[in-house]
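Raw contents of coords_5.txt, compact mmCIF, C-alpha atoms:
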```txt
# COMPACT_ATOMS: atom_id res chain seq x y z
CA MET A 1 120.34 88.08 104.73
CA ARG A 2 116.81 89.28 105.30
CA GLU A 3 114.48 86.64 103.96
CA LEU A 4 111.87 84.06 104.79
CA ARG A 5 113.44 80.79 103.84
CA ALA A 6 112.19 77.21 103.72
CA GLU A 7 114.98 74.67 104.03
CA HIS A 8 114.40 71.08 102.96
CA LEU A 9 110.88 71.43 104.22
CA THR A 10 108.83 68.24 104.37
CA LYS A 11 105.38 67.82 105.85
CA ARG A 12 103.39 64.61 105.94
CA PHE A 13 99.83 64.16 107.10
CA GLY A 14 99.57 60.42 107.67
CA LYS A 15 100.32 58.88 104.30
CA THR A 16 99.91 62.13 102.40
CA THR A 17 103.04 64.13 101.67
CA ALA A 18 101.96 67.78 101.48
CA LEU A 19 105.48 69.18 101.11
CA ASP A 20 108.39 67.20 99.81
CA ASP A 21 111.85 68.62 100.50
CA VAL A 22 111.08 72.21 99.48
CA THR A 23 113.90 74.74 99.61
CA LEU A 24 112.81 78.25 98.70
CA SER A 25 113.57 81.86 99.68
CA PHE A 26 111.28 84.85 99.80
CA GLU A 27 113.61 87.80 99.76
CA HIS A 28 112.73 90.70 102.05
CA GLY A 29 111.14 93.81 100.59
CA LYS A 30 109.61 92.18 97.53
CA ILE A 31 106.14 91.03 96.55
CA HIS A 32 106.15 87.33 95.78
CA ALA A 33 103.50 85.14 94.24
CA LEU A 34 103.29 81.57 95.49
CA LEU A 35 101.42 79.71 92.81
CA GLY A 36 100.09 76.19 92.85
CA ARG A 37 96.98 74.23 92.10
CA ASN A 38 94.56 73.13 94.78
CA GLY A 39 96.36 70.83 97.18
CA ALA A 40 99.82 71.76 95.86
CA GLY A 41 101.07 72.60 99.36
CA LYS A 42 100.74 76.41 99.45
CA THR A 43 98.71 76.54 102.65
CA THR A 44 100.94 73.96 104.33
CA LEU A 45 104.03 76.01 103.51
CA LEU A 46 102.49 79.21 104.87
CA GLY A 47 101.10 77.30 107.87
CA ILE A 48 104.60 76.16 108.84
CA ALA A 49 106.02 79.64 108.22
CA SER A 50 103.52 81.02 110.73
CA ASN A 51 103.92 78.17 113.26
CA ARG A 52 100.41 76.82 112.80
CA LEU A 53 101.93 73.56 111.64
CA ILE A 54 105.05 71.76 112.75
CA PRO A 55 107.19 70.41 109.88
CA THR A 56 107.94 66.69 109.64
CA SER A 57 111.50 67.66 108.75
CA GLY A 58 113.37 70.74 107.60
CA GLN A 59 112.68 74.24 108.83
CA VAL A 60 111.53 77.75 108.00
CA LEU A 61 113.87 80.60 108.89
CA VAL A 62 112.95 84.26 109.23
CA ASP A 63 115.99 86.50 108.88
CA GLY A 64 118.09 83.48 109.78
CA GLU A 65 116.09 82.37 112.83
CA PRO A 66 113.86 79.29 112.87
CA VAL A 67 110.17 80.21 113.26
CA THR A 68 108.90 77.07 114.90
CA ASP A 69 107.99 77.95 118.50
CA ASN A 70 110.17 81.05 118.33
CA PRO A 71 108.19 84.14 119.40
CA ARG A 72 110.89 86.59 118.34
CA ALA A 73 110.93 85.31 114.75
CA LEU A 74 107.15 84.83 114.68
CA ALA A 75 106.55 88.43 115.71
CA LYS A 76 107.79 89.40 112.24
CA VAL A 77 105.24 87.21 110.45
CA PHE A 78 101.50 87.41 109.97
CA CYS A 79 99.55 84.90 107.93
CA THR A 80 95.97 85.21 106.74
CA GLY A 81 93.94 82.37 105.38
CA ASN A 82 90.89 80.27 105.74
CA VAL A 83 91.60 79.47 109.38
CA GLN A 84 89.44 80.79 112.16
CA MET A 85 91.71 82.06 114.92
CA THR A 86 89.36 84.41 116.71
CA PRO A 87 86.26 83.65 118.77
CA LEU A 88 83.28 83.29 116.44
CA SER A 89 81.04 85.28 118.74
CA MET A 90 83.28 88.35 118.72
CA CYS A 91 82.09 91.43 116.82
CA VAL A 92 84.33 93.00 114.21
CA ASP A 93 84.88 96.20 116.23
CA ASP A 94 85.76 94.18 119.35
CA LEU A 95 88.20 92.17 117.27
CA ILE A 96 89.90 95.35 116.07
CA ARG A 97 90.30 96.61 119.66
CA HIS A 98 91.43 93.15 120.72
CA MET A 99 94.13 93.13 118.01
CA GLY A 100 95.30 96.52 119.27
CA ARG A 101 95.91 95.06 122.72
CA PHE A 102 97.63 91.89 121.57
CA TYR A 103 99.79 93.04 118.70
CA GLU A 104 102.40 95.68 119.19
CA GLY A 105 102.26 98.18 116.36
CA PHE A 106 98.68 97.36 115.34
CA ASP A 107 97.15 100.52 113.92
CA VAL A 108 93.54 100.64 115.18
CA LYS A 109 92.73 103.83 113.27
CA ARG A 110 93.98 102.34 110.04
CA ALA A 111 91.97 99.15 110.63
CA LEU A 112 88.79 101.17 111.18
CA ARG A 113 89.45 103.22 108.06
CA LEU A 114 90.07 100.12 105.93
CA ALA A 115 87.01 98.34 107.36
CA LYS A 116 84.93 101.32 106.34
CA MET A 117 86.35 101.31 102.80
CA PHE A 118 85.27 97.69 102.41
CA GLU A 119 81.91 98.46 104.06
CA LEU A 120 82.60 95.79 106.66
CA ASN A 121 79.77 95.64 109.21
CA MET A 122 81.41 96.51 112.55
CA LYS A 123 78.64 94.97 114.62
CA ALA A 124 78.63 91.61 112.81
CA LYS A 125 79.98 88.60 114.67
CA THR A 126 83.10 87.31 112.91
CA GLY A 127 81.60 83.80 112.81
CA ALA A 128 78.56 85.08 110.94
CA LEU A 129 80.45 86.85 108.15
CA SER A 130 80.12 85.65 104.57
CA THR A 131 83.16 84.00 102.94
CA GLY A 132 84.05 87.27 101.21
CA TYR A 133 83.79 89.36 104.35
CA ARG A 134 85.71 86.78 106.35
CA SER A 135 88.57 87.28 103.85
CA ILE A 136 88.15 91.05 104.04
CA CYS A 137 88.21 90.99 107.84
CA GLN A 138 91.56 89.19 107.77
CA LEU A 139 92.98 91.50 105.12
CA VAL A 140 92.01 94.54 107.17
CA MET A 141 93.89 93.09 110.15
CA ALA A 142 96.90 92.15 108.02
CA LEU A 143 97.21 95.58 106.42
CA SER A 144 96.98 97.27 109.83
CA LEU A 145 99.77 95.25 111.40
CA ASP A 146 103.36 96.36 111.54
CA VAL A 147 105.06 93.08 110.59
CA ASP A 148 107.90 92.57 108.11
CA TYR A 149 106.44 89.48 106.44
CA LEU A 150 102.83 89.36 105.32
CA LEU A 151 101.70 85.95 104.13
CA LEU A 152 98.36 86.11 102.36
CA ASP A 153 96.75 82.77 101.60
CA GLU A 154 94.13 83.12 98.85
CA PRO A 155 93.52 86.74 99.92
CA VAL A 156 90.64 87.41 97.54
CA LEU A 157 88.65 84.26 98.30
CA GLY A 158 84.99 85.17 97.92
CA LEU A 159 85.65 88.84 97.12
CA ASP A 160 83.67 90.48 94.33
CA ALA A 161 85.47 92.30 91.50
CA ALA A 162 85.19 95.75 93.12
CA HIS A 163 86.59 94.53 96.44
CA ARG A 164 89.38 92.60 94.73
CA ASP A 165 90.35 95.76 92.92
CA LEU A 166 90.28 97.76 96.13
CA PHE A 167 92.38 95.16 97.89
CA TYR A 168 95.08 95.08 95.17
CA ARG A 169 95.20 98.89 95.26
CA LEU A 170 95.54 98.97 99.05
CA LEU A 171 98.18 96.25 98.98
CA MET A 172 100.24 98.26 96.49
CA GLU A 173 99.86 101.44 98.58
CA ASP A 174 100.94 99.52 101.67
CA TYR A 175 103.95 98.13 99.83
CA LEU A 176 105.00 101.52 98.46
CA GLU A 177 104.74 102.98 101.94
CA ARG A 178 106.46 100.25 103.95
CA GLY A 179 108.35 98.10 101.45
CA ARG A 180 107.72 94.97 103.43
CA THR A 181 107.72 91.41 102.18
CA VAL A 182 104.44 90.12 100.85
CA VAL A 183 103.77 86.55 99.79
CA VAL A 184 100.50 86.06 97.94
CA ALA A 185 99.48 82.43 97.62
CA THR A 186 96.87 82.13 94.92
CA HIS A 187 95.70 80.35 91.82
CA LEU A 188 94.33 83.58 90.31
CA ILE A 189 97.55 84.25 88.47
CA GLU A 190 96.58 86.95 86.02
CA GLU A 191 95.18 89.12 88.80
CA VAL A 192 98.51 89.30 90.61
CA ALA A 193 100.72 89.15 87.52
CA THR A 194 101.51 92.88 87.45
CA LEU A 195 101.76 93.28 91.23
CA VAL A 196 104.46 90.76 91.95
CA GLU A 197 108.18 90.85 91.38
CA ARG A 198 109.01 87.19 91.95
CA VAL A 199 107.03 84.04 91.27
CA ALA A 200 107.41 80.61 92.85
CA ILE A 201 105.40 77.67 91.53
CA ILE A 202 104.86 74.55 93.60
CA ASP A 203 103.17 71.39 92.45
CA GLU A 204 102.38 68.23 94.41
CA GLY A 205 104.50 69.43 97.30
CA ARG A 206 107.58 70.20 95.22
CA LEU A 207 109.09 73.43 93.99
CA LEU A 208 108.66 73.59 90.23
CA MET A 209 110.32 76.92 89.52
CA GLU A 210 111.27 80.25 91.02
CA ALA A 211 111.89 83.25 88.78
CA SER A 212 111.16 86.93 88.29
CA ALA A 213 107.73 87.60 86.81
CA ASP A 214 109.38 89.05 83.68
CA GLU A 215 111.61 86.00 83.21
CA LEU A 216 108.69 83.68 83.63
CA ARG A 217 106.58 85.56 81.15
CA ALA A 218 109.39 85.37 78.61
CA SER A 219 110.08 81.70 79.27
CA GLY A 220 107.43 80.29 76.97
CA TYR A 221 105.38 81.06 73.88
CA SER A 222 102.77 79.46 71.66
CA VAL A 223 103.04 78.46 68.02
CA SER A 224 99.97 77.80 65.95
CA GLY A 225 99.25 76.79 62.40
CA ARG A 226 98.57 73.63 60.43
CA ALA A 227 99.16 70.57 62.57
CA GLU A 228 101.97 69.17 60.43
CA ASP A 229 103.76 72.54 60.29
CA VAL A 230 103.47 72.91 64.05
CA ARG A 231 104.74 69.38 64.65
CA ALA A 232 107.69 69.99 62.33
CA TYR A 233 108.49 73.22 64.14
CA CYS A 234 108.36 71.54 67.56
CA GLU A 235 110.77 68.74 66.62
CA GLY A 236 113.33 68.45 69.41
CA LEU A 237 112.06 71.50 71.33
CA LYS A 238 110.79 71.50 74.89
CA VAL A 239 107.04 71.31 74.29
CA LEU A 240 104.77 71.77 77.30
CA GLY A 241 101.62 70.78 75.49
CA ILE A 242 99.80 70.74 72.16
CA ASP A 243 96.13 71.50 71.55
CA GLU A 244 94.86 70.11 68.28
CA LEU A 245 91.69 71.22 66.56
CA GLY A 246 91.09 69.26 63.39
CA SER A 247 93.91 70.15 61.02
CA LEU A 248 95.06 73.06 63.21
CA ALA A 249 97.36 72.85 66.19
CA MET A 250 98.68 75.15 68.88
CA ALA A 251 101.82 74.16 70.75
CA TYR A 252 103.14 75.65 73.97
CA VAL A 253 106.89 75.73 73.92
CA GLN A 254 109.47 76.64 76.55
CA GLY A 255 112.42 78.85 75.61
CA GLU A 256 112.76 81.37 72.81
CA PRO A 257 111.16 81.04 69.37
CA VAL A 258 113.53 79.46 66.81
CA ARG A 259 113.68 82.09 64.05
CA GLU A 260 115.06 79.77 61.34
CA ARG A 261 112.11 77.42 61.69
CA LEU A 262 109.40 80.06 61.51
CA THR A 263 107.49 80.42 58.28
CA ASP A 264 104.61 82.58 57.11
CA ARG A 265 102.25 79.78 57.96
CA LEU A 266 103.13 79.72 61.64
CA ASP A 267 101.95 82.24 64.20
CA VAL A 268 103.94 82.95 67.31
CA ALA A 269 102.26 84.53 70.32
CA PRO A 270 103.31 85.18 73.89
CA MET A 271 102.09 82.82 76.54
CA SER A 272 100.22 84.24 79.49
CA LEU A 273 101.46 83.33 82.96
CA GLN A 274 98.14 81.57 83.43
CA LYS A 275 98.65 79.34 80.40
CA LEU A 276 102.27 78.66 81.30
CA PHE A 277 101.18 77.68 84.79
CA VAL A 278 98.44 75.37 83.49
CA GLU A 279 100.82 73.68 81.09
CA LEU A 280 103.56 73.33 83.70
CA THR A 281 101.31 71.87 86.36
CA GLY A 282 98.80 70.08 84.11
CA LYS A 283 98.72 66.32 84.15
CA GLY A 284 98.21 65.90 80.43
CA GLU A 285 94.48 65.22 80.56
CA MET B 1 98.47 105.16 80.18
CA ASN B 2 97.47 101.92 78.64
CA ILE B 3 99.49 98.97 79.91
CA ASP B 4 98.31 95.51 78.92
CA PRO B 5 99.88 92.51 80.69
CA ALA B 6 98.56 90.18 77.98
CA LYS B 7 100.58 91.94 75.28
CA ASP B 8 103.63 90.52 73.57
CA VAL B 9 105.82 93.30 74.96
CA PRO B 10 107.21 93.03 78.51
CA LEU B 11 105.55 95.35 81.03
CA PHE B 12 108.65 97.46 81.66
CA VAL B 13 109.12 98.02 77.92
CA GLN B 14 105.47 99.05 77.60
CA ILE B 15 105.97 101.60 80.37
CA ALA B 16 109.04 103.04 78.64
CA GLU B 17 107.16 103.18 75.32
CA GLN B 18 104.18 104.94 76.86
CA ILE B 19 106.26 107.64 78.52
CA GLU B 20 108.26 108.04 75.32
CA GLU B 21 105.01 108.45 73.39
CA ASP B 22 103.91 111.14 75.85
CA VAL B 23 107.20 112.98 75.36
CA PHE B 24 106.84 112.67 71.59
CA THR B 25 103.28 113.98 71.48
CA GLY B 26 104.04 116.78 73.91
CA VAL B 27 102.06 115.60 76.94
CA TYR B 28 105.33 116.27 78.77
CA VAL B 29 107.63 118.98 77.47
CA GLU B 30 111.30 119.60 78.22
CA GLU B 31 112.06 120.04 81.91
CA ASP B 32 108.58 118.84 82.91
CA ARG B 33 108.46 116.56 85.91
CA ILE B 34 106.99 113.20 84.97
CA PRO B 35 105.14 111.00 87.49
CA SER B 36 107.42 109.21 89.95
CA THR B 37 107.94 105.47 90.04
CA ASN B 38 105.70 105.20 93.08
CA GLU B 39 102.98 107.37 91.60
CA LEU B 40 102.87 105.28 88.43
CA SER B 41 103.07 102.07 90.40
CA ALA B 42 100.07 103.03 92.55
CA LEU B 43 98.13 104.33 89.55
CA LEU B 44 98.71 101.29 87.33
CA GLY B 45 98.89 98.58 90.00
CA ILE B 46 102.27 97.53 88.70
CA ASN B 47 105.21 96.53 90.87
CA PRO B 48 107.49 99.58 91.40
CA HIS B 49 110.58 97.60 90.38
CA THR B 50 108.97 96.93 87.01
CA VAL B 51 108.13 100.62 86.61
CA LEU B 52 111.68 101.59 87.58
CA LYS B 53 113.09 99.18 85.01
CA GLY B 54 111.03 100.97 82.35
CA MET B 55 112.16 104.42 83.56
CA ASN B 56 115.79 103.31 83.48
CA ILE B 57 115.54 102.53 79.77
CA LEU B 58 114.58 106.16 79.17
CA VAL B 59 117.32 107.44 81.47
CA ASP B 60 119.86 105.39 79.50
CA GLU B 61 118.53 106.82 76.25
CA GLY B 62 118.77 110.36 77.57
CA ILE B 63 115.02 110.99 77.32
CA ILE B 64 114.53 111.63 81.04
CA TYR B 65 116.89 112.31 83.92
CA LYS B 66 116.77 112.14 87.67
CA ARG B 67 117.03 115.16 89.93
CA ARG B 68 118.12 114.01 93.32
CA GLY B 69 115.24 114.10 95.75
CA MET B 70 112.98 115.80 93.20
CA GLY B 71 111.94 113.10 90.76
CA MET B 72 112.26 112.39 87.07
CA TYR B 73 112.36 115.20 84.49
CA VAL B 74 112.23 115.36 80.72
CA GLN B 75 115.68 115.98 79.28
CA ALA B 76 116.28 118.99 77.02
CA GLY B 77 116.01 117.86 73.39
CA ALA B 78 114.17 114.67 74.37
CA ALA B 79 111.35 115.03 71.85
CA GLU B 80 113.88 115.48 69.02
CA LYS B 81 115.73 112.37 70.17
CA VAL B 82 112.53 110.33 70.15
CA ARG B 83 111.68 111.63 66.68
CA ALA B 84 115.11 110.65 65.33
CA LYS B 85 114.85 107.21 66.87
CA ARG B 86 111.42 106.61 65.39
CA ARG B 87 112.44 107.83 61.99
CA SER B 88 115.28 105.36 61.86
CA ALA B 89 112.95 102.58 63.05
CA PHE B 90 110.29 103.50 60.47
CA ASP B 91 111.84 101.40 57.74
CA GLU B 92 112.09 98.24 59.79
CA ARG B 93 108.86 98.65 61.67
CA TYR B 94 106.46 99.65 58.91
CA VAL B 95 108.02 99.30 55.48
CA ALA B 96 109.35 95.77 55.98
CA ALA B 97 105.98 94.61 57.37
CA LEU B 98 104.11 96.33 54.54
CA VAL B 99 106.26 94.75 51.86
CA ALA B 100 105.99 91.30 53.43
CA GLU B 101 102.19 91.49 53.55
CA ALA B 102 102.02 92.88 50.02
CA LYS B 103 104.10 89.97 48.72
CA LYS B 104 101.82 87.50 50.49
CA LEU B 105 98.87 89.14 48.75
CA GLY B 106 100.65 89.01 45.39
CA LEU B 107 100.65 92.80 44.94
CA THR B 108 103.22 94.23 42.57
CA LYS B 109 105.60 97.01 43.56
CA ASP B 110 103.71 99.47 41.39
CA GLN B 111 100.39 98.53 42.97
CA VAL B 112 101.84 99.10 46.44
CA VAL B 113 103.32 102.46 45.45
CA ASN B 114 99.97 103.39 43.96
CA LEU B 115 98.17 102.50 47.16
CA ILE B 116 100.63 104.53 49.23
CA GLU B 117 100.17 107.55 46.99
CA LYS B 118 96.39 107.26 47.25
CA GLY B 119 96.65 106.89 51.04
CA TYR B 120 98.95 109.88 51.27
CA ASP B 121 96.50 112.13 49.45
CA HIS B 122 93.60 111.08 51.64
CA ALA B 123 95.37 111.49 55.00
```

Structure encoded using structure tokens:
Amino acid sequence: MRELRAEHLTKRFGKTTALDDVTLSFEHGKIHALLGRNGAGKTTLLGIASNRLIPTSGQVLVDGEPVTDNPRALAKVFCTGNVQMTPLSMCVDDLIRHMGRFYEGFDVKRALRLAKMFELNMKAKTGALSTGYRSICQLVMALSLDVDYLLLDEPVLGLDAAHRDLFYRLLMEDYLERGRTVVVATHLIEEVATLVERVAIIDEGRLLMEASADELRASGYSVSGRAEDVRAYCEGLKVLGIDELGSLAMAYVQGEPVRERLTDRLDVAPMSLQKLFVELTGKGE
Amino acid sequence: MNIDPAKDVPLFVQIAEQIEEDVFTGVYVEEDRIPSTNELSALLGINPHTVLKGMNILVDEGIIYKRRGMGMYVQAGAAEKVRAKRRSAFDERYVAALVAEAKKLGLTKDQVVNLIEKGYDHA
């Protein structure tokens, strides 16, 4: 089966466990969101998948082949992120030519066209770029490469609203054209909510859930009303969290609304992916 | 098209509803080609599988049909089908909600009928 798959993946840095026995598949030809809070293990997972990190145990397979120190499997994967892999003194246009020599199937013309759309300064040294343009530079490279698996780690870090919009549009065009696998690791959930087909949530190094974006959206809802009504409604249900405001309360509940318990005094509303994510990964502050 | 991810209704259902609305109001007439899955996906920034799911609802309902290699087209009699569907949903969708709200407000049946008559004359 064509997929990028983590199998019982564990990674420790000294005493810190960044990934704890994670088993997860990113099916080929789909756009996936990898969601998690800061430090949840997203970057570590993508780092192992692109052979920047060696797992403590377990493995990542690309189309059935382990990626670690395996050039044939790695040639199918490209990972962007906040890691400097090119000489800081190199200009953007030199980098683009350089990529053309080192990566088979790198489309120099496309890279130049994309760079121009983002108004990326071709003569700037990559080490001197702002955070936003450093992200853009990597995205331009990623979208010009001919790899089956694009792993984008916080792709819009530092990008302004117009550039984020442009990037999402280009990503969708790229996907419609090539149908390759894209994994977007982010905590900006609402921005990618319509783009992605599947969603995986990791928290503290563990896989919390994996579902289609539609399923996830339908998996929770909020109920609000007078605190005692809300509490009565929630009795025995799987409640993710309750916000109370004086005599009013709003509860976030997993599952489907229970029709028999609803009254005129209770309001049911859908839960955004963002809210669901916060409630699922929140530590009950 | 106005698709809102924050809305109660799933994205694919919203897409189906929007196209249906366009068929109903005559934006697309019988045998018109409607935008393809990919065109809509690029335009709206919505995953093509989600768009396709919405289109498939309309295919199942006989509102649109696929011509191999050509795209999606509006089925003959589609607008009439949409009209019939909406008419049968009118009771549930509007009347039931109206009556429920009226009861909450303590309005009598006569008062509601009066209001409807007044509204009808003004529209």

Write out as CSV the residues of chain B that have any atom within 7 Å of an atom of chain A, one row each with the nearest atom pair and its distance in Å to one decimal, counting all atoms listed in the file, sorted by chain and then rising number.
```
residue,atom,partner,partner_atom,distance
B:Pro5,CA,A:Thr194,CA,7.0
B:Ala6,CA,A:Ser272,CA,6.3
B:Asp8,CA,A:Pro270,CA,5.4
B:Pro10,CA,A:Asp214,CA,6.9
B:Asn38,CA,A:Leu176,CA,6.6
B:Ala42,CA,A:Met172,CA,6.2
B:Gly45,CA,A:Leu195,CA,6.2
B:Ile46,CA,A:Thr194,CA,4.9
B:Asn47,CA,A:Leu195,CA,4.8
```

Could you save those same residues with C-alpha atoms as a CSV table (one decimal), keeping the file's coordinate frame?
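Output file again.csv is given in full below:
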```csv
chain,number,residue,atom,x,y,z
B,5,PRO,CA,99.9,92.5,80.7
B,6,ALA,CA,98.6,90.2,78.0
B,8,ASP,CA,103.6,90.5,73.6
B,10,PRO,CA,107.2,93.0,78.5
B,38,ASN,CA,105.7,105.2,93.1
B,42,ALA,CA,100.1,103.0,92.6
B,45,GLY,CA,98.9,98.6,90.0
B,46,ILE,CA,102.3,97.5,88.7
B,47,ASN,CA,105.2,96.5,90.9
```

Find the residue from A:Leu266, A:Val239, A:Leu207, A:Ile202 that sits nearest to A:Arg226; use only C-alpha atoms when measuring.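 The closest residue to A:Arg226 is A:Leu266.
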
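Relative to atom CA of A:Ile201, atom CA of A:Gly36 is found at 5.7 Å.
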
Need to verify the contact set: B:Arg67, 12 Å, all atoms listed in the file, exclusion of same-chain residues closer than 4 positions in sequence. Can you return it as a ChimeraX atom specification? /B:31-34,36,59,71-75

Figure out the distance between atom CA of B:Val99 and atom CA of B:Ala79, please, to one decimal in Å. 28.9 Å

Figure out the distance between atom CA of A:Lys76 and atom CA of A:Tyr149, please, to one decimal in Å.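 Distance reported for this atom pair: 6.0 Å.
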
Tell me which residues come within 12 Å of (87.3, 97.7, 96.4), as a compact mmCIF listing (two decimals) with C-alpha atoms, in the frame of the given file, counting all atoms listed in the file in the file's coordinates.
```txt
# COMPACT_ATOMS: atom_id res chain seq x y z
CA LEU A 114 90.07 100.12 105.93
CA ALA A 115 87.01 98.34 107.36
CA LYS A 116 84.93 101.32 106.34
CA MET A 117 86.35 101.31 102.80
CA PHE A 118 85.27 97.69 102.41
CA GLU A 119 81.91 98.46 104.06
CA LEU A 120 82.60 95.79 106.66
CA GLY A 132 84.05 87.27 101.21
CA ILE A 136 88.15 91.05 104.04
CA VAL A 156 90.64 87.41 97.54
CA LEU A 159 85.65 88.84 97.12
CA ASP A 160 83.67 90.48 94.33
CA ALA A 161 85.47 92.30 91.50
CA ALA A 162 85.19 95.75 93.12
CA HIS A 163 86.59 94.53 96.44
CA ARG A 164 89.38 92.60 94.73
CA ASP A 165 90.35 95.76 92.92
CA LEU A 166 90.28 97.76 96.13
CA PHE A 167 92.38 95.16 97.89
CA TYR A 168 95.08 95.08 95.17
CA ARG A 169 95.20 98.89 95.26
CA LEU A 170 95.54 98.97 99.05
CA LEU A 171 98.18 96.25 98.98
```

Provide stretch 12-18 of chain B of the preceding structure as a file containing all heavy atoms, as a short mmCIF file (atom, residue, chain, number, x, y, z; two decimals), in the first residue's frame.
```
data_model
loop_
_atom_site.label_atom_id
_atom_site.label_comp_id
_atom_site.auth_asym_id
_atom_site.auth_seq_id
_atom_site.Cartn_x
_atom_site.Cartn_y
_atom_site.Cartn_z
N PHE B 12 -19.56 19.44 2.67
CA PHE B 12 -20.03 18.81 1.42
C PHE B 12 -21.52 19.05 1.22
O PHE B 12 -21.99 19.18 0.09
CB PHE B 12 -19.65 17.32 1.36
CG PHE B 12 -20.36 16.44 2.35
CD1 PHE B 12 -21.51 15.76 1.98
CD2 PHE B 12 -19.88 16.28 3.62
CE1 PHE B 12 -22.17 14.93 2.88
CE2 PHE B 12 -20.53 15.46 4.54
CZ PHE B 12 -21.67 14.79 4.16
N VAL B 13 -22.27 19.13 2.33
CA VAL B 13 -23.70 19.41 2.22
C VAL B 13 -23.91 20.86 1.76
O VAL B 13 -24.77 21.14 0.92
CB VAL B 13 -24.42 19.15 3.56
CG1 VAL B 13 -25.89 19.50 3.46
CG2 VAL B 13 -24.24 17.70 3.98
N GLN B 14 -23.08 21.76 2.30
CA GLN B 14 -23.18 23.17 1.88
C GLN B 14 -22.93 23.31 0.38
O GLN B 14 -23.59 24.09 -0.30
CB GLN B 14 -22.15 24.03 2.62
CG GLN B 14 -22.46 24.24 4.09
CD GLN B 14 -21.52 25.26 4.71
OE1 GLN B 14 -21.23 26.30 4.14
NE2 GLN B 14 -21.01 24.94 5.89
N ILE B 15 -21.96 22.56 -0.12
CA ILE B 15 -21.65 22.62 -1.56
C ILE B 15 -22.84 22.14 -2.38
O ILE B 15 -23.25 22.78 -3.35
CB ILE B 15 -20.37 21.80 -1.86
CG1 ILE B 15 -19.16 22.56 -1.31
CG2 ILE B 15 -20.21 21.54 -3.35
CD1 ILE B 15 -17.90 21.77 -1.21
N ALA B 16 -23.43 21.01 -1.96
CA ALA B 16 -24.61 20.49 -2.65
C ALA B 16 -25.74 21.51 -2.62
O ALA B 16 -26.38 21.78 -3.64
CB ALA B 16 -25.05 19.17 -2.01
N GLU B 17 -25.95 22.12 -1.44
CA GLU B 17 -27.05 23.09 -1.31
C GLU B 17 -26.84 24.31 -2.21
O GLU B 17 -27.79 24.82 -2.80
CB GLU B 17 -27.16 23.56 0.15
CG GLU B 17 -27.82 22.53 1.06
CD GLU B 17 -27.82 22.97 2.53
OE1 GLU B 17 -27.13 23.94 2.86
OE2 GLU B 17 -28.51 22.30 3.32
N GLN B 18 -25.58 24.76 -2.29
CA GLN B 18 -25.29 25.94 -3.10
C GLN B 18 -25.53 25.68 -4.58
O GLN B 18 -26.10 26.52 -5.28
CB GLN B 18 -23.83 26.38 -2.89
CG GLN B 18 -23.57 26.99 -1.54
CD GLN B 18 -23.98 28.45 -1.48
OE1 GLN B 18 -23.96 29.14 -2.48
NE2 GLN B 18 -24.37 28.91 -0.31
#
```
